[in-house]
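A short write-up of the structure that comes next.
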Amino acid sequence: MTRSAMWLVSLGLWCTGAMAQSKKPLDHSVYDSWQNIGVKMVSPDGRWAVYTVTPQEGDATLYIRNLQTNRQFAIERGAAPVITEDSRYVAFSIKPRFQETRQARIKKAKPDDMPKDSLALFDLETGKTILQAAKVKSFKTPEKGSGLLAYLVEPAKDTTSKKTPAKPAPAADFADADDDGPGKSGGASTGDLIIVQTGKSLLFDTIKNVSSYTVSKPGNALTAVVNPGKKDSLAQPGVLLWNPAKRERKFISKGHGQFAQFAFDEKGEQLAWTVSRDSAKAPVTVYALAFYGPGMDTARLAISRTSSGMRDKWSVSENGNIAFSRNGQRIFFGTAPIPKPKDTTIVDFEVAKVDVWHYLDDYLQPMQLKNLDRELKRNYTAVYFPAENRMVQLGDDSMEDFRYGDEGNAEYGLGTSDSHSRVAMQWTGKTNKNAWMVHIPSGRRMSIKQDLNGQIAISPSGKYIIWFDNMNSQYSTYDFLTGSTRIITAAIPEKLTDEENDVPDFPSPYGTSGWMENDKYVYINDRYDIWQVDPSGKEAPVMVTQGIGRAKKTVLRNVKLNMDERFFIPKQTLLLESQADSTKHGGYWTVRLLDKAAPKPAVSGPYAFTAPIKAKNASMVLYQRSTYQESPDVFAGEELSTAKRISQLNPQQQQYNWGTAELFKWKTFNGQETEGIVYKPEDFDPSKKYPVLIYFYEKLTDGLYGYQPPAPTPSRLNITFFVSRGYVVLAPDIRYENGHPGKSAYDYIVSGAEALAKNPWIDRSNMAIQGQSWGGYQVCYLVTATPLFKAAWAGAPVANMTSAYGGIRWESGMNRQFQYEHTQSRIGATLWDKPELYIENSPLFHLPKVTTPLVIMHNDADGAVPWYQGIEMFTGLRRLGKPVWMLNYNGDAHNLMQRQNRKDIQVRQQQFFDHYLKGAPAPKWLSKGVPATDKGRDWGFDVE
């Protein structure tokens, strides 16, 4: 410890009043150790909580906690936990040590030689680890059953050995889990499948040479693809079915082949998959659908390319998801045209490589190329009836999407297509849909809605199709039984769409919360409350939340606690997440359906509440709670109001000067009331003057109670870091006027800066701005509109709307026109209709006015804003002799993805703002730059 650090520690012991001043400022060395909650879960019986604590970089820890006794177990490097349905065991992976993996990457180890995961099984009753296994590729447990664990391990080096490997021994020491060292698998695609019966004692069975496996939902069956190597001439290849109860195996399909998409029915009695017996040298691989059911000795080939109902030159697709209907009487699968064989006579280096752009293409070529893999795998829904040995084709290239109701049991389904409106997506940003009702037993279609500008779905029980139409801002239903269509929300007096919409497009709906069983009611949100609506239109809408939300200006939204829940049941109590408009306080309320009682608050306060989960068979609930000062720890309790904290994240935070967050209100230049968040250092002294950083995007105040760990960010402002080091930060909300986004940003941001500067503790002469993406654009506009700011930092900005308008978002392949005409850029007109608005809002055309030093980050792999926008801004300012720098993180994205780049930019941001706002010496990259000859040798951080 340095002398200065020792002095600070000792000073902190003098008195409580000096404690905040004794704390250290955050620095760039703290990032890796800062923790967050990874996964969390609660056992079905509500007795156990399991969660992972993950540092930003390093080894995670898995915690297993008894919620009744508070006894807790900590497992280093535990990950991906699964609690068995009987609440008896936790199965989880044990990751290799971070440093071990890092060293292997440094040495450029081959995939087979990289450190491997291990597996552990923890007995919740005894508090002991009863099984460990090394070099585990994957593991599975039954989704709705217990008593079974299956995992795939790398085989022994001698894959021709007939000797059955010894069963994994019970283990108690996690440190030995992966100490066997790296070894060759003998075959990258196969391993040994270990099947464990988890009864009173562990029973082990092994199936060798397994390439894939599937466990039925109840856990009463398991299937494995056995694929022995060429040297193992005595082993039988094929599809093997394992009966856990009898510990018996049998081949239900023999021989080599290509197998995929295995699916059991709900009871685990039927099985279907895709199969091809074509040679690997065949020019085209053609698949079929295999089926196995009760009483069958072996599987049968149910559907092939020649089956009745299969279209000419079509076959079963290996990329289509296979799913049984809930009653097991139907199998839904995918079909597709048989692909054309590749011309092997073409010599690759003698052929031109060219993309042909055609004005009648559905999608622009960049979008086609971006989605090429998806299009090559595109398939269309078909259904097979095993009892009738009959298939029906449901979807095709004129109706690409098909959805069924009642988990596949319903008589009818919903088919949609947007093929007629894809060209217009270039300037609208979305497509309209044609919709059909589809009779599943016959495949007959009937049009129910054409050219829908909105959203459409089928009800859970399959009785209705429901859609929201942007053109009239109403929900409508189609009744399969009566064939009638009706608007069902006209009697609701409140708006069902965004009341604060400020883009030149239709306001978005607030959405739905769910359905009552048997499709009796659908629950629809307005801005604050929830309405119960009769989809048949016979009953008047009823406000479930009885207007409490709007009266208190508090948004109430249903939280889905059970991911398997298809619908609500009468008298069910819903958990509603809440946030108050004025205070931003979060919380939870409860309301009982089909009850006239008003919703009741369960817990609320100056916190952000997130990610609640409930025990399947008990009242225990887990959730996370945070503030700007408090990490998002896990709370657990049978009552939300009495829940107790069970995790303790980031105790090291107490060593550092942190900060506070509070709402700040003012009037804009155009007289609008607005607000933002002001962040102050923990050791704030109103007698001092503080430099100011202003960070913005659109609206940020809903994040008032959000915890912001000190982390290297993707280019946004690291608020916590700068506040800790003596800056005040303002994050203002912004509302936009169509056609004038730049002026709107000026009105809100500059007025906020002026209002904040009226406080005597603000150093008005040292204020700066920072923003990323849309925020970066606003930074660039502001430096052309005001000399108020002493420094500015813009990440991935648009500088020239006239050139950006016709550009491509390379990450999706979409053209950017829609952004200006309908969404974030908010021009609301084409470039040729309103060229003056594009020029008015483009910083590039106003560069001579700039007096503020500006750093631009724009990366050459940006998939959202073409990086030539940053280049235009940089070269224009450079020509004018203005102080400007540009950072291009080679190969990185719109928002920095590579952690080493995130760490680099944080250092540069600190150096830049410290230099201009605190008078710190300029580092070399600011004063002289870093020539290409020094790239990779000198980062320019040093001060000369």
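Residue names in the structure tokens use chain letters A, B, ... in the order shown, residue numbers from 1 in each chain, and ligand numbers from 1 in the order shown.
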message: DSSP on the backbone, alpha helix (DSSP H) only: what residues of segment 45-276 of chain A does that give? Format it as a PyMOL selection string.
response: chain A and resi 98-106
Can those selected residues be exported to a file as a CSV table (one decimal), in the first residue's frame so that it contains C-alpha atoms?
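The file below, again-v1.csv, is the result:
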chain,number,residue,atom,x,y,z
A,98,PHE,CA,-10.4,-18.3,-16.0
A,99,GLN,CA,-6.7,-18.1,-15.9
A,100,GLU,CA,-6.3,-21.6,-17.2
A,101,THR,CA,-8.5,-20.9,-20.1
A,102,ARG,CA,-6.7,-17.6,-20.7
A,103,GLN,CA,-3.3,-19.3,-20.8
A,104,ALA,CA,-4.6,-21.9,-23.2
A,105,ARG,CA,-5.8,-19.2,-25.5
A,106,ILE,CA,-2.5,-17.4,-25.3
message: Can you tell me, as an MDAnalysis selection string, which residues in segment 279-432 of chain A count as strand (DSSP E) by DSSP?
response: chainID A and resid 288:292 300:303 314:316 323:324 331:337 380:385 390:393 401:404 412:417
Separation of atom CA of Pro712 of chain A from atom CA of Arg899 of chain A in Å: 7.4 Å
query: Which residues, written as a PyMOL selection string, have at least one atom at most 6 Å from segment 34-45 of chain A, with only C-alpha atoms counted and residues fewer than 5 positions away on the same chain left out?
result: chain A and resi 50-56+87+615-618
field: Polymer residues at most 9 Å from Val136 of chain A, only C-alpha atoms, same-chain spacing of 5 or more positions, as a VMD selection string
entry: chain A and resid 93 116 to 119 151 to 154
How about saving the chosen residues, N, CA and C atoms kept, as a compact mmCIF listing (two decimals), in the first residue's frame?
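This is the output file result.txt:
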# COMPACT_ATOMS: atom_id res chain seq x y z
N SER A 93 -22.74 -27.16 -14.05
CA SER A 93 -21.41 -27.25 -14.65
C SER A 93 -20.40 -26.59 -13.73
N LYS A 116 -11.83 -28.10 -20.22
CA LYS A 116 -13.23 -28.50 -20.41
C LYS A 116 -14.05 -28.32 -19.13
N ASP A 117 -15.36 -28.22 -19.33
CA ASP A 117 -16.29 -28.15 -18.20
C ASP A 117 -16.34 -29.50 -17.49
N SER A 118 -16.70 -29.43 -16.21
CA SER A 118 -17.03 -30.61 -15.44
C SER A 118 -18.49 -30.52 -15.04
N LEU A 119 -19.00 -31.60 -14.44
CA LEU A 119 -20.39 -31.66 -13.99
C LEU A 119 -20.41 -32.07 -12.53
N TYR A 151 -25.63 -37.14 -19.13
CA TYR A 151 -24.58 -36.21 -19.54
C TYR A 151 -23.63 -36.89 -20.51
N LEU A 152 -23.09 -36.07 -21.40
CA LEU A 152 -22.21 -36.55 -22.46
C LEU A 152 -20.79 -36.14 -22.14
N VAL A 153 -19.90 -37.12 -22.07
CA VAL A 153 -18.50 -36.85 -21.75
C VAL A 153 -17.63 -37.24 -22.93
N GLU A 154 -16.45 -36.64 -22.96
CA GLU A 154 -15.50 -37.02 -23.99
C GLU A 154 -15.07 -38.46 -23.75
message: What's around Gln474 of chain A at 9 Å? Count only C-alpha atoms, leave out sequence neighbours fewer than 6 positions away in its own chain, and write the answer as a list of chain:residue names.
response: A:Trp467, A:Phe468, A:Ile487, A:Ile488, A:Thr489, A:Ala490, A:Leu496, A:Pro509
Prev. selection, C-alpha atoms, output as a CSV table (one decimal), in the first residue's frame:
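Saved the output as selection.csv:
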chain,number,residue,atom,x,y,z
A,467,TRP,CA,-54.9,-8.1,-34.0
A,468,PHE,CA,-54.0,-4.5,-33.3
A,487,ILE,CA,-63.5,-4.4,-32.9
A,488,ILE,CA,-63.4,-5.2,-29.1
A,489,THR,CA,-61.8,-2.1,-27.6
A,490,ALA,CA,-63.9,0.8,-28.9
A,496,LEU,CA,-54.2,2.1,-25.9
A,509,PRO,CA,-49.7,-0.1,-28.5
query: What is the distance, in Å and to one decimal place, between atom CA of Pro714 of chain A and atom CA of Met857 of chain A?
result: 10.5 Å
- prompt: In Å, with one decimal, what is the gap from atom CA of Pro835 of chain A to atom CA of Gly870 of chain A?
  reply: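 Between these atoms lies a distance of 21.2 Å.
Proximity ranking of A:Asn718, A:Thr345, A:Ser508, A:Ser812 relative to Gln906 of chain A places A:Asn718 first, based on only C-alpha atoms.
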For the interface of segment 740-778 of chain A with segment 793-804 of chain A (cut-off 7 Å, counting only C-alpha atoms), please tabulate each contacting residue of segment 740-778 of chain A alongside its nearest pair of atoms and their separation in Å to one decimal, rows sorted by chain and increasing number, as a Markdown table.
| residue | atom | partner | partner_atom | distance |
| --- | --- | --- | --- | --- |
| A:Ile769 | CA | A:Trp793 | CA | 6.4 |
| A:Gln770 | CA | A:Trp793 | CA | 4.7 |
| A:Gly771 | CA | A:Ala794 | CA | 5.4 |
| A:Gln772 | CA | A:Gly795 | CA | 4.2 |
| A:Ser773 | CA | A:Ala796 | CA | 4.9 |
| A:Trp774 | CA | A:Pro797 | CA | 6.7 |
| A:Gly776 | CA | A:Ala794 | CA | 4.2 |
| A:Tyr777 | CA | A:Pro797 | CA | 4.3 |
message: When you look at Glu673 of chain A with a cut-off of 12 Å (counting only C-alpha atoms), what residues show up, excluding the ones that are within fewer than 3 positions of it in the same chain? I need them as a list in words.
response: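 Everything that qualifies: Phe664, Lys665, Trp666, Lys667, Thr668, Phe669, Asn670, Gly676, Pro732, Asp733, Ile734, Arg735, Asp747, Tyr748, Ser751 and Gly752 of chain A.
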Give me the residues near segment 416-423 of chain A as a short mmCIF file (atom, residue, chain, number, x, y, z; two decimals) with C-alpha atoms, in the first residue's frame, where near means some atom within 6 Å (using only C-alpha atoms) and where sequence neighbours in that chain fewer than 6 positions away do not count.
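The result, written out as selection_17.cif:
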data_model
loop_
_atom_site.label_atom_id
_atom_site.label_comp_id
_atom_site.auth_asym_id
_atom_site.auth_seq_id
_atom_site.Cartn_x
_atom_site.Cartn_y
_atom_site.Cartn_z
CA ASP A 362 -38.31 -8.25 -52.08
CA MET A 399 -47.97 -18.03 -46.51
CA GLU A 400 -44.61 -18.38 -44.81
CA ASP A 401 -45.63 -18.22 -41.18
CA THR A 431 -43.99 -4.80 -43.32
CA ASN A 432 -47.75 -5.23 -43.44
CA LYS A 433 -49.33 -8.67 -43.15
CA ASN A 434 -51.98 -10.67 -44.94
CA ALA A 435 -53.63 -13.20 -42.62
#
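Considering only C-alpha atoms, the residue among A:Asn327, A:Thr851, A:Ser578, A:Gln624 positioned nearest to Ser604 of chain A is A:Ser578.
For the residues A:Leu148, A:Ala711, A:Ala920, A:Ile194, ranking by smallest atom-to-atom distance to Gln132 of chain A using only C-alpha atoms places A:Ile194 first.
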